[in-house]
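Undergrad: Enclosed is the structure file target27.cif (mmCIF, N, CA and C atoms).
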data_model
loop_
_atom_site.group_PDB
_atom_site.id
_atom_site.type_symbol
_atom_site.label_atom_id
_atom_site.label_comp_id
_atom_site.auth_asym_id
_atom_site.auth_seq_id
_atom_site.Cartn_x
_atom_site.Cartn_y
_atom_site.Cartn_z
ATOM 1 N N MET B 1 -50.282 -41.454 -36.530
ATOM 2 C CA MET B 1 -51.009 -42.691 -36.618
ATOM 3 C C MET B 1 -52.318 -42.440 -37.364
ATOM 4 N N THR B 2 -52.636 -43.283 -38.333
ATOM 5 C CA THR B 2 -53.842 -43.160 -39.129
ATOM 6 C C THR B 2 -54.980 -43.912 -38.455
ATOM 7 N N ARG B 3 -56.153 -43.268 -38.413
ATOM 8 C CA ARG B 3 -57.332 -43.894 -37.827
ATOM 9 C C ARG B 3 -58.393 -44.082 -38.901
ATOM 10 N N LEU B 4 -59.244 -45.099 -38.718
ATOM 11 C CA LEU B 4 -60.327 -45.325 -39.667
ATOM 12 C C LEU B 4 -61.263 -44.126 -39.741
ATOM 13 N N ALA B 5 -61.455 -43.447 -38.635
ATOM 14 C CA ALA B 5 -62.349 -42.290 -38.611
ATOM 15 C C ALA B 5 -61.863 -41.169 -39.527
ATOM 16 N N ASP B 6 -60.578 -41.198 -39.915
ATOM 17 C CA ASP B 6 -60.032 -40.180 -40.808
ATOM 18 C C ASP B 6 -60.459 -40.408 -42.260
ATOM 19 N N TYR B 7 -61.086 -41.553 -42.558
ATOM 20 C CA TYR B 7 -61.448 -41.901 -43.935
ATOM 21 C C TYR B 7 -62.917 -42.310 -44.045
ATOM 22 N N PRO B 8 -63.863 -41.445 -43.675
ATOM 23 C CA PRO B 8 -65.278 -41.835 -43.705
ATOM 24 C C PRO B 8 -65.782 -42.150 -45.110
ATOM 25 N N ASP B 9 -65.310 -41.444 -46.137
ATOM 26 C CA ASP B 9 -65.774 -41.703 -47.503
ATOM 27 C C ASP B 9 -65.324 -43.079 -47.983
ATOM 28 N N GLU B 10 -64.109 -43.466 -47.666
ATOM 29 C CA GLU B 10 -63.604 -44.765 -48.075
ATOM 30 C C GLU B 10 -64.343 -45.891 -47.361
ATOM 31 N N ILE B 11 -64.681 -45.680 -46.096
ATOM 32 C CA ILE B 11 -65.420 -46.691 -45.338
ATOM 33 C C ILE B 11 -66.822 -46.857 -45.918
ATOM 34 N N ASP B 12 -67.492 -45.745 -46.252
ATOM 35 C CA ASP B 12 -68.825 -45.819 -46.848
ATOM 36 C C ASP B 12 -68.790 -46.533 -48.195
ATOM 37 N N ALA B 13 -67.741 -46.378 -48.959
ATOM 38 C CA ALA B 13 -67.622 -47.023 -50.266
ATOM 39 C C ALA B 13 -67.500 -48.535 -50.134
ATOM 40 N N LEU B 14 -67.038 -49.035 -49.012
ATOM 41 C CA LEU B 14 -66.882 -50.470 -48.796
ATOM 42 C C LEU B 14 -68.181 -51.163 -48.412
ATOM 43 N N LYS B 15 -69.164 -50.420 -47.950
ATOM 44 C CA LYS B 15 -70.426 -51.017 -47.527
ATOM 45 C C LYS B 15 -71.175 -51.576 -48.721
ATOM 46 N N VAL B 16 -71.779 -52.753 -48.514
ATOM 47 C CA VAL B 16 -72.581 -53.392 -49.558
ATOM 48 C C VAL B 16 -73.975 -52.792 -49.503
ATOM 49 N N GLU B 17 -74.502 -52.425 -50.653
ATOM 50 C CA GLU B 17 -75.818 -51.807 -50.703
ATOM 51 C C GLU B 17 -76.905 -52.822 -50.373
ATOM 52 N N THR B 18 -77.855 -52.420 -49.543
ATOM 53 C CA THR B 18 -78.940 -53.290 -49.125
ATOM 54 C C THR B 18 -80.144 -53.069 -50.034
ATOM 55 N N SER B 19 -80.730 -54.172 -50.469
ATOM 56 C CA SER B 19 -81.926 -54.110 -51.303
ATOM 57 C C SER B 19 -83.094 -54.680 -50.509
ATOM 58 N N LYS B 20 -84.288 -54.181 -50.765
ATOM 59 C CA LYS B 20 -85.460 -54.689 -50.061
ATOM 60 C C LYS B 20 -86.172 -55.748 -50.893
ATOM 61 N N THR B 21 -85.492 -56.292 -51.883
ATOM 62 C CA THR B 21 -86.057 -57.367 -52.694
ATOM 63 C C THR B 21 -85.168 -58.594 -52.583
ATOM 64 N N LEU B 22 -85.763 -59.741 -52.849
ATOM 65 C CA LEU B 22 -85.024 -61.004 -52.840
ATOM 66 C C LEU B 22 -84.991 -61.559 -54.249
ATOM 67 N N LYS B 23 -83.870 -62.054 -54.651
ATOM 68 C CA LYS B 23 -83.743 -62.705 -55.943
ATOM 69 C C LYS B 23 -83.479 -64.177 -55.672
ATOM 70 N N LEU B 24 -84.454 -65.008 -56.002
ATOM 71 C CA LEU B 24 -84.304 -66.441 -55.802
ATOM 72 C C LEU B 24 -83.421 -66.993 -56.916
ATOM 73 N N VAL B 25 -82.357 -67.698 -56.549
ATOM 74 C CA VAL B 25 -81.393 -68.144 -57.554
ATOM 75 C C VAL B 25 -81.449 -69.631 -57.839
ATOM 76 N N GLN B 26 -82.031 -70.416 -56.908
ATOM 77 C CA GLN B 26 -82.067 -71.861 -57.119
ATOM 78 C C GLN B 26 -83.108 -72.474 -56.197
ATOM 79 N N PHE B 27 -83.635 -73.618 -56.603
ATOM 80 C CA PHE B 27 -84.581 -74.356 -55.776
ATOM 81 C C PHE B 27 -84.024 -75.747 -55.533
ATOM 82 N N VAL B 28 -84.126 -76.213 -54.293
ATOM 83 C CA VAL B 28 -83.642 -77.548 -53.930
ATOM 84 C C VAL B 28 -84.748 -78.260 -53.154
ATOM 85 N N GLU B 29 -84.625 -79.581 -53.047
ATOM 86 C CA GLU B 29 -85.569 -80.339 -52.240
ATOM 87 C C GLU B 29 -85.440 -79.887 -50.785
ATOM 88 N N SER B 30 -86.534 -79.836 -50.063
ATOM 89 C CA SER B 30 -86.521 -79.321 -48.696
ATOM 90 C C SER B 30 -85.579 -80.078 -47.772
ATOM 91 N N GLY B 31 -85.380 -81.359 -47.974
ATOM 92 C CA GLY B 31 -84.508 -82.131 -47.105
ATOM 93 C C GLY B 31 -83.059 -82.175 -47.541
ATOM 94 N N ASP B 32 -82.710 -81.479 -48.612
ATOM 95 C CA ASP B 32 -81.347 -81.544 -49.154
ATOM 96 C C ASP B 32 -80.306 -80.747 -48.371
ATOM 97 N N ILE B 33 -80.726 -79.823 -47.532
ATOM 98 C CA ILE B 33 -79.778 -78.997 -46.783
ATOM 99 C C ILE B 33 -79.676 -79.557 -45.365
ATOM 100 N N PRO B 34 -78.509 -80.057 -44.968
ATOM 101 C CA PRO B 34 -78.361 -80.580 -43.605
ATOM 102 C C PRO B 34 -78.588 -79.465 -42.571
ATOM 103 N N PRO B 35 -79.231 -79.789 -41.441
ATOM 104 C CA PRO B 35 -79.538 -78.783 -40.410
ATOM 105 C C PRO B 35 -78.311 -78.028 -39.914
ATOM 106 N N LEU B 36 -77.149 -78.623 -39.991
ATOM 107 C CA LEU B 36 -75.916 -77.995 -39.534
ATOM 108 C C LEU B 36 -75.609 -76.696 -40.279
ATOM 109 N N TYR B 37 -76.120 -76.561 -41.506
ATOM 110 C CA TYR B 37 -75.843 -75.378 -42.319
ATOM 111 C C TYR B 37 -76.721 -74.181 -41.951
ATOM 112 N N PHE B 38 -77.863 -74.414 -41.300
ATOM 113 C CA PHE B 38 -78.761 -73.318 -40.954
ATOM 114 C C PHE B 38 -78.178 -72.518 -39.799
ATOM 115 N N GLU B 39 -78.173 -71.193 -39.963
ATOM 116 C CA GLU B 39 -77.535 -70.341 -38.965
ATOM 117 C C GLU B 39 -78.540 -69.525 -38.161
ATOM 118 N N ARG B 40 -79.255 -68.614 -38.806
ATOM 119 C CA ARG B 40 -80.133 -67.688 -38.079
ATOM 120 C C ARG B 40 -81.445 -67.512 -38.851
ATOM 121 N N PRO B 41 -82.596 -67.673 -38.160
ATOM 122 C CA PRO B 41 -83.899 -67.534 -38.833
ATOM 123 C C PRO B 41 -84.457 -66.109 -38.773
ATOM 124 N N TYR B 42 -85.188 -65.746 -39.808
ATOM 125 C CA TYR B 42 -85.905 -64.473 -39.880
ATOM 126 C C TYR B 42 -87.254 -64.738 -40.540
ATOM 127 N N TYR B 43 -88.311 -64.108 -40.047
ATOM 128 C CA TYR B 43 -89.590 -64.179 -40.736
ATOM 129 C C TYR B 43 -89.593 -63.149 -41.845
ATOM 130 N N ILE B 44 -90.161 -63.520 -42.979
ATOM 131 C CA ILE B 44 -90.287 -62.598 -44.111
ATOM 132 C C ILE B 44 -91.739 -62.138 -44.170
ATOM 133 N N VAL B 45 -91.942 -60.844 -44.318
ATOM 134 C CA VAL B 45 -93.293 -60.300 -44.454
ATOM 135 C C VAL B 45 -93.337 -59.396 -45.683
ATOM 136 N N PRO B 46 -94.463 -59.396 -46.394
ATOM 137 C CA PRO B 46 -94.584 -58.519 -47.565
ATOM 138 C C PRO B 46 -94.725 -57.065 -47.142
ATOM 139 N N GLN B 47 -94.231 -56.152 -47.983
ATOM 140 C CA GLN B 47 -94.263 -54.718 -47.676
ATOM 141 C C GLN B 47 -95.591 -54.052 -48.027
ATOM 142 N N ASP B 48 -96.285 -54.564 -49.056
ATOM 143 C CA ASP B 48 -97.533 -53.926 -49.485
ATOM 144 C C ASP B 48 -98.445 -54.967 -50.126
ATOM 145 N N ASP B 49 -99.606 -54.517 -50.630
ATOM 146 C CA ASP B 49 -100.580 -55.450 -51.210
ATOM 147 C C ASP B 49 -100.042 -56.158 -52.448
ATOM 148 N N LEU B 50 -99.300 -55.452 -53.286
ATOM 149 C CA LEU B 50 -98.727 -56.056 -54.486
ATOM 150 C C LEU B 50 -97.730 -57.156 -54.104
ATOM 151 N N ALA B 51 -96.897 -56.877 -53.143
ATOM 152 C CA ALA B 51 -95.918 -57.869 -52.684
ATOM 153 C C ALA B 51 -96.611 -59.042 -52.000
ATOM 154 N N GLU B 52 -97.748 -58.798 -51.372
ATOM 155 C CA GLU B 52 -98.459 -59.867 -50.668
ATOM 156 C C GLU B 52 -98.922 -60.957 -51.627
ATOM 157 N N ASP B 53 -99.366 -60.573 -52.823
ATOM 158 C CA ASP B 53 -99.788 -61.567 -53.818
ATOM 159 C C ASP B 53 -98.612 -62.459 -54.231
ATOM 160 N N ALA B 54 -97.475 -61.846 -54.515
ATOM 161 C CA ALA B 54 -96.287 -62.610 -54.896
ATOM 162 C C ALA B 54 -95.822 -63.489 -53.734
ATOM 163 N N TYR B 55 -95.909 -62.960 -52.543
ATOM 164 C CA TYR B 55 -95.535 -63.680 -51.326
ATOM 165 C C TYR B 55 -96.333 -64.979 -51.203
ATOM 166 N N ARG B 56 -97.648 -64.871 -51.372
ATOM 167 C CA ARG B 56 -98.511 -66.055 -51.278
ATOM 168 C C ARG B 56 -98.199 -67.073 -52.360
ATOM 169 N N VAL B 57 -97.967 -66.601 -53.571
ATOM 170 C CA VAL B 57 -97.656 -67.507 -54.688
ATOM 171 C C VAL B 57 -96.373 -68.288 -54.398
ATOM 172 N N VAL B 58 -95.327 -67.595 -53.953
ATOM 173 C CA VAL B 58 -94.053 -68.253 -53.636
ATOM 174 C C VAL B 58 -94.241 -69.242 -52.488
ATOM 175 N N ARG B 59 -94.896 -68.812 -51.429
ATOM 176 C CA ARG B 59 -95.110 -69.693 -50.265
ATOM 177 C C ARG B 59 -95.873 -70.951 -50.649
ATOM 178 N N ASP B 60 -96.966 -70.793 -51.388
ATOM 179 C CA ASP B 60 -97.789 -71.937 -51.761
ATOM 180 C C ASP B 60 -97.072 -72.862 -52.732
ATOM 181 N N ALA B 61 -96.298 -72.299 -53.665
ATOM 182 C CA ALA B 61 -95.551 -73.123 -54.627
ATOM 183 C C ALA B 61 -94.454 -73.925 -53.919
ATOM 184 N N LEU B 62 -93.724 -73.291 -53.007
ATOM 185 C CA LEU B 62 -92.681 -74.008 -52.264
ATOM 186 C C LEU B 62 -93.288 -75.149 -51.457
ATOM 187 N N ARG B 63 -94.411 -74.886 -50.821
ATOM 188 C CA ARG B 63 -95.069 -75.917 -50.013
ATOM 189 C C ARG B 63 -95.573 -77.059 -50.901
ATOM 190 N N ALA B 64 -96.227 -76.743 -51.995
ATOM 191 C CA ALA B 64 -96.801 -77.767 -52.874
ATOM 192 C C ALA B 64 -95.731 -78.658 -53.498
ATOM 193 N N GLU B 65 -94.586 -78.072 -53.828
ATOM 194 C CA GLU B 65 -93.523 -78.825 -54.498
ATOM 195 C C GLU B 65 -92.500 -79.422 -53.530
ATOM 196 N N GLY B 66 -92.596 -79.075 -52.246
ATOM 197 C CA GLY B 66 -91.633 -79.582 -51.266
ATOM 198 C C GLY B 66 -90.228 -79.043 -51.508
ATOM 199 N N LYS B 67 -90.161 -77.776 -51.906
ATOM 200 C CA LYS B 67 -88.877 -77.162 -52.254
ATOM 201 C C LYS B 67 -88.473 -76.092 -51.251
ATOM 202 N N THR B 68 -87.181 -75.772 -51.272
ATOM 203 C CA THR B 68 -86.597 -74.657 -50.542
ATOM 204 C C THR B 68 -85.935 -73.760 -51.574
ATOM 205 N N ALA B 69 -86.148 -72.460 -51.476
ATOM 206 C CA ALA B 69 -85.530 -71.497 -52.393
ATOM 207 C C ALA B 69 -84.220 -71.006 -51.788
ATOM 208 N N LEU B 70 -83.195 -70.883 -52.603
ATOM 209 C CA LEU B 70 -81.918 -70.318 -52.177
ATOM 210 C C LEU B 70 -81.785 -68.926 -52.761
ATOM 211 N N CYS B 71 -81.208 -68.017 -51.985
ATOM 212 C CA CYS B 71 -81.040 -66.642 -52.443
ATOM 213 C C CYS B 71 -79.797 -66.032 -51.806
ATOM 214 N N GLN B 72 -79.355 -64.917 -52.364
ATOM 215 C CA GLN B 72 -78.311 -64.085 -51.768
ATOM 216 C C GLN B 72 -79.026 -62.881 -51.175
ATOM 217 N N ILE B 73 -78.666 -62.523 -49.953
ATOM 218 C CA ILE B 73 -79.301 -61.384 -49.300
ATOM 219 C C ILE B 73 -78.243 -60.593 -48.547
ATOM 220 N N THR B 74 -78.443 -59.287 -48.476
ATOM 221 C CA THR B 74 -77.534 -58.429 -47.724
ATOM 222 C C THR B 74 -78.210 -58.029 -46.429
ATOM 223 N N LEU B 75 -77.570 -58.375 -45.314
ATOM 224 C CA LEU B 75 -78.055 -58.017 -43.986
ATOM 225 C C LEU B 75 -76.951 -57.296 -43.243
ATOM 226 N N ARG B 76 -77.251 -56.112 -42.756
ATOM 227 C CA ARG B 76 -76.279 -55.325 -41.994
ATOM 228 C C ARG B 76 -74.964 -55.131 -42.762
ATOM 229 N N GLY B 77 -75.084 -54.904 -44.063
ATOM 230 C CA GLY B 77 -73.909 -54.616 -44.880
ATOM 231 C C GLY B 77 -73.081 -55.815 -45.271
ATOM 232 N N LYS B 78 -73.564 -57.034 -44.998
ATOM 233 C CA LYS B 78 -72.813 -58.242 -45.332
ATOM 234 C C LYS B 78 -73.698 -59.183 -46.141
ATOM 235 N N GLU B 79 -73.130 -59.747 -47.210
ATOM 236 C CA GLU B 79 -73.889 -60.682 -48.042
ATOM 237 C C GLU B 79 -73.927 -62.056 -47.393
ATOM 238 N N HIS B 80 -75.099 -62.700 -47.501
ATOM 239 C CA HIS B 80 -75.304 -64.035 -46.954
ATOM 240 C C HIS B 80 -76.001 -64.904 -47.985
ATOM 241 N N LEU B 81 -75.709 -66.195 -47.936
ATOM 242 C CA LEU B 81 -76.502 -67.189 -48.636
ATOM 243 C C LEU B 81 -77.644 -67.531 -47.698
ATOM 244 N N ALA B 82 -78.857 -67.656 -48.227
ATOM 245 C CA ALA B 82 -80.002 -67.922 -47.369
ATOM 246 C C ALA B 82 -80.962 -68.897 -48.033
ATOM 247 N N ALA B 83 -81.721 -69.583 -47.192
ATOM 248 C CA ALA B 83 -82.762 -70.508 -47.641
ATOM 249 C C ALA B 83 -84.105 -69.932 -47.230
ATOM 250 N N ILE B 84 -85.099 -70.089 -48.106
ATOM 251 C CA ILE B 84 -86.455 -69.618 -47.813
ATOM 252 C C ILE B 84 -87.380 -70.825 -47.870
ATOM 253 N N ARG B 85 -88.115 -71.016 -46.763
ATOM 254 C CA ARG B 85 -89.009 -72.158 -46.665
ATOM 255 C C ARG B 85 -90.360 -71.700 -46.118
ATOM 256 N N PRO B 86 -91.446 -72.409 -46.520
ATOM 257 C CA PRO B 86 -92.746 -72.075 -45.939
ATOM 258 C C PRO B 86 -92.759 -72.440 -44.460
ATOM 259 N N CYS B 87 -93.445 -71.620 -43.674
ATOM 260 C CA CYS B 87 -93.541 -71.837 -42.227
ATOM 261 C C CYS B 87 -94.912 -71.363 -41.783
ATOM 262 N N GLY B 88 -95.826 -72.283 -41.545
ATOM 263 C CA GLY B 88 -97.195 -71.893 -41.190
ATOM 264 C C GLY B 88 -97.814 -71.086 -42.307
ATOM 265 N N ASP B 89 -98.339 -69.902 -41.982
ATOM 266 C CA ASP B 89 -98.936 -69.030 -42.992
ATOM 267 C C ASP B 89 -97.913 -68.101 -43.631
ATOM 268 N N GLY B 90 -96.654 -68.236 -43.248
ATOM 269 C CA GLY B 90 -95.638 -67.313 -43.737
ATOM 270 C C GLY B 90 -94.454 -67.994 -44.382
ATOM 271 N N LEU B 91 -93.383 -67.216 -44.491
ATOM 272 C CA LEU B 91 -92.118 -67.703 -45.034
ATOM 273 C C LEU B 91 -91.022 -67.446 -44.013
ATOM 274 N N LEU B 92 -90.116 -68.384 -43.936
ATOM 275 C CA LEU B 92 -88.984 -68.280 -43.031
ATOM 276 C C LEU B 92 -87.717 -68.200 -43.865
ATOM 277 N N LEU B 93 -86.920 -67.171 -43.641
ATOM 278 C CA LEU B 93 -85.615 -67.042 -44.289
ATOM 279 C C LEU B 93 -84.572 -67.427 -43.245
ATOM 280 N N GLU B 94 -83.693 -68.341 -43.598
ATOM 281 C CA GLU B 94 -82.622 -68.734 -42.686
ATOM 282 C C GLU B 94 -81.287 -68.544 -43.372
ATOM 283 N N THR B 95 -80.424 -67.749 -42.751
ATOM 284 C CA THR B 95 -79.087 -67.599 -43.306
ATOM 285 C C THR B 95 -78.378 -68.941 -43.175
ATOM 286 N N LEU B 96 -77.481 -69.193 -44.121
ATOM 287 C CA LEU B 96 -76.779 -70.477 -44.167
ATOM 288 C C LEU B 96 -75.289 -70.285 -43.945
ATOM 289 N N ARG B 97 -74.690 -71.248 -43.321
ATOM 290 C CA ARG B 97 -73.237 -71.269 -43.183
ATOM 291 C C ARG B 97 -72.654 -71.828 -44.478
ATOM 292 N N TYR B 98 -71.494 -71.336 -44.839
ATOM 293 C CA TYR B 98 -70.766 -71.905 -45.973
ATOM 294 C C TYR B 98 -70.018 -73.138 -45.483
ATOM 295 N N GLU B 99 -69.685 -74.020 -46.392
ATOM 296 C CA GLU B 99 -69.034 -75.279 -46.035
ATOM 297 C C GLU B 99 -67.742 -75.069 -45.248
ATOM 298 N N ASP B 100 -66.968 -74.037 -45.591
ATOM 299 C CA ASP B 100 -65.698 -73.816 -44.896
ATOM 300 C C ASP B 100 -65.881 -73.267 -43.467
ATOM 301 N N GLU B 101 -67.127 -72.925 -43.093
ATOM 302 C CA GLU B 101 -67.415 -72.458 -41.742
ATOM 303 C C GLU B 101 -67.782 -73.579 -40.781
ATOM 304 N N ILE B 102 -67.917 -74.774 -41.319
ATOM 305 C CA ILE B 102 -68.343 -75.923 -40.508
ATOM 306 C C ILE B 102 -67.142 -76.810 -40.209
ATOM 307 N N ARG B 103 -66.981 -77.110 -38.947
ATOM 308 C CA ARG B 103 -65.855 -77.964 -38.522
ATOM 309 C C ARG B 103 -66.314 -79.420 -38.493
ATOM 310 N N ASP B 104 -65.365 -80.321 -38.705
ATOM 311 C CA ASP B 104 -65.632 -81.746 -38.571
ATOM 312 C C ASP B 104 -65.833 -82.088 -37.102
ATOM 313 N N ALA B 105 -66.686 -83.038 -36.843
ATOM 314 C CA ALA B 105 -66.934 -83.478 -35.457
ATOM 315 C C ALA B 105 -65.729 -84.264 -34.934
#
How would this structure read if it were set down as structure tokens?
TA:
Amino acid sequence: MTRLADYPDEIDALKVETSKTLKLVQFVESGDIPPLYFERPYYIVPQDDLAEDAYRVVRDALRAEGKTALCQITLRGKEHLAAIRPCGDGLLLETLRYEDEIRDA
């Protein structure tokens, strides 16, 4: 009988590489995403002083324009679609459900 533990190299090759950067791919109006699509919230914090400047610019621009940024992010080896919105003095990243994950009422 073959076990997964017998193939550690193949299992490692299947893992999605995690990046500590976010690539914003689209901007939408803040009210355009129905609440049903939001799955799990995370606070985003900058890693250093250079990142803090960019962080503030993104947060202030999203707030001023009433927009939400969409991005792809890898968490725990799995890719997710996520929304980034201003929240107080910070940014909130919320993973999103895909349409096929939502059942009709």
Undergrad: Mind dumping a table of every region 29-78 of chain B residue within 8 Å of region 93-99 of chain B, with the nearest atom pair and its distance in Å to one decimal, using only N, CA and C atoms, sorted by chain and rising number, as a Markdown table?
TA:
| residue | atom | partner | partner_atom | distance |
| --- | --- | --- | --- | --- |
| B:Leu36 | C | B:Arg97 | N | 6.3 |
| B:Tyr37 | C | B:Arg97 | N | 3.8 |
| B:Phe38 | CA | B:Leu96 | CA | 4.7 |
| B:Glu39 | N | B:Thr95 | C | 3.9 |
| B:Arg40 | C | B:Thr95 | N | 4.0 |
| B:Pro41 | CA | B:Glu94 | CA | 4.2 |
| B:Tyr42 | N | B:Leu93 | C | 3.9 |
| B:Tyr43 | N | B:Leu93 | N | 4.9 |
| B:Ile44 | N | B:Leu93 | N | 4.9 |
Undergrad: Which is closer to Arg59 (chain B) than all the others in B:Gly77, B:Pro34, B:Pro86, B:Pro46, using only C-alpha atoms?
TA: B:Pro86
Undergrad: I'd like to know which of B:Arg56, B:Arg103, B:Lys67, B:Arg76 is closest to Asp89 (chain B), using all atoms listed in the file.
TA: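 Of the candidates, the smallest distance to Asp89 (chain B) is held by B:Arg56.
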Undergrad: Between CA of Leu62 (chain B) and CA of Glu101 (chain B), what is the distance in Å, rounded to a tenth?
TA: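 Between CA of Leu62 (chain B) and CA of Glu101 (chain B) the gap is 27.4 Å.
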Undergrad: Would you compute the distance between atom N of Asp53 (chain B) and atom C of Leu92 (chain B)? Give it in Å to one decimal.
TA: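 The value is 16.6 Å.
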Undergrad: Give as an NGL selection string the residues that the PyMOL selection byres (((chain B and resi 21-27 and name CA) around 9) and name CA) matches when applied to the coordinates above.
TA: :B and (18-20 or 28-30 or 62 or 67-73 or 84)
Undergrad: State, in Å with one decimal place, the distance from CA of Val57 (chain B) to atom C of Pro35 (chain B).
TA: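 Separation of CA of Val57 (chain B) and atom C of Pro35 (chain B): 26.5 Å.
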Undergrad: Nearest to Gly90 (chain B) among B:Ala105, B:Tyr55, B:Asp49, B:Asp32, with distances taken over only N, CA and C atoms: which residue is it?
TA: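 Among B:Ala105, B:Tyr55, B:Asp49, B:Asp32, it is B:Tyr55 that comes nearest to Gly90 (chain B).
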Undergrad: Once you add 6 Å to each side, what are the centre and edge lengths of the axis-aligned box holding all listed atoms of region 81-97 of chain B? One decimal in Å, as AutoDock Vina command-line options, if you can.
TA:
--center_x -85.8 --center_y -69.3 --center_z -44.9 --size_x 38.3 --size_y 18.2 --size_z 19.4
Undergrad: Just the strand (DSSP E) stuff from chain B, please, per backbone DSSP, written as a PyMOL selection string.
TA: chain B and resi 23-29+38-44+67-75+78-87+90-96
Undergrad: Could you pull out the residues in region 63-103 of chain B that DSSP calls helix (DSSP H, G or I) from the backbone, as an mmCIF file with N, CA and C atoms, in the coordinates of the input?
TA:
data_model
loop_
_atom_site.group_PDB
_atom_site.id
_atom_site.type_symbol
_atom_site.label_atom_id
_atom_site.label_comp_id
_atom_site.auth_asym_id
_atom_site.auth_seq_id
_atom_site.Cartn_x
_atom_site.Cartn_y
_atom_site.Cartn_z
ATOM 1 N N ARG B 63 -94.411 -74.886 -50.821
ATOM 2 C CA ARG B 63 -95.069 -75.917 -50.013
ATOM 3 C C ARG B 63 -95.573 -77.059 -50.901
ATOM 4 N N ALA B 64 -96.227 -76.743 -51.995
ATOM 5 C CA ALA B 64 -96.801 -77.767 -52.874
ATOM 6 C C ALA B 64 -95.731 -78.658 -53.498
ATOM 7 N N GLU B 65 -94.586 -78.072 -53.828
ATOM 8 C CA GLU B 65 -93.523 -78.825 -54.498
ATOM 9 C C GLU B 65 -92.500 -79.422 -53.530
ATOM 10 N N GLU B 99 -69.685 -74.020 -46.392
ATOM 11 C CA GLU B 99 -69.034 -75.279 -46.035
ATOM 12 C C GLU B 99 -67.742 -75.069 -45.248
ATOM 13 N N ASP B 100 -66.968 -74.037 -45.591
ATOM 14 C CA ASP B 100 -65.698 -73.816 -44.896
ATOM 15 C C ASP B 100 -65.881 -73.267 -43.467
ATOM 16 N N GLU B 101 -67.127 -72.925 -43.093
ATOM 17 C CA GLU B 101 -67.415 -72.458 -41.742
ATOM 18 C C GLU B 101 -67.782 -73.579 -40.781
#
Undergrad: Would it be fine to have region 68-81 of chain B, with C-alpha atoms, given as a short mmCIF file (atom, residue, chain, number, x, y, z; two decimals), in the first residue's frame?
TA:
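Output below, filename part.cif:
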data_model
loop_
_atom_site.label_atom_id
_atom_site.label_comp_id
_atom_site.auth_asym_id
_atom_site.auth_seq_id
_atom_site.Cartn_x
_atom_site.Cartn_y
_atom_site.Cartn_z
CA THR B 68 -12.28 48.22 -2.46
CA ALA B 69 -9.15 46.60 -3.90
CA LEU B 70 -9.28 42.99 -5.12
CA CYS B 71 -6.21 40.77 -4.99
CA GLN B 72 -5.03 37.16 -5.12
CA ILE B 73 -3.26 36.00 -1.98
CA THR B 74 -1.77 32.72 -0.81
CA LEU B 75 -2.62 31.72 2.76
CA ARG B 76 -1.52 28.41 4.23
CA GLY B 77 -0.55 27.09 0.79
CA LYS B 78 -3.91 27.88 -0.84
CA GLU B 79 -4.74 30.74 -3.20
CA HIS B 80 -7.66 32.99 -2.30
CA LEU B 81 -9.46 35.92 -3.87
#
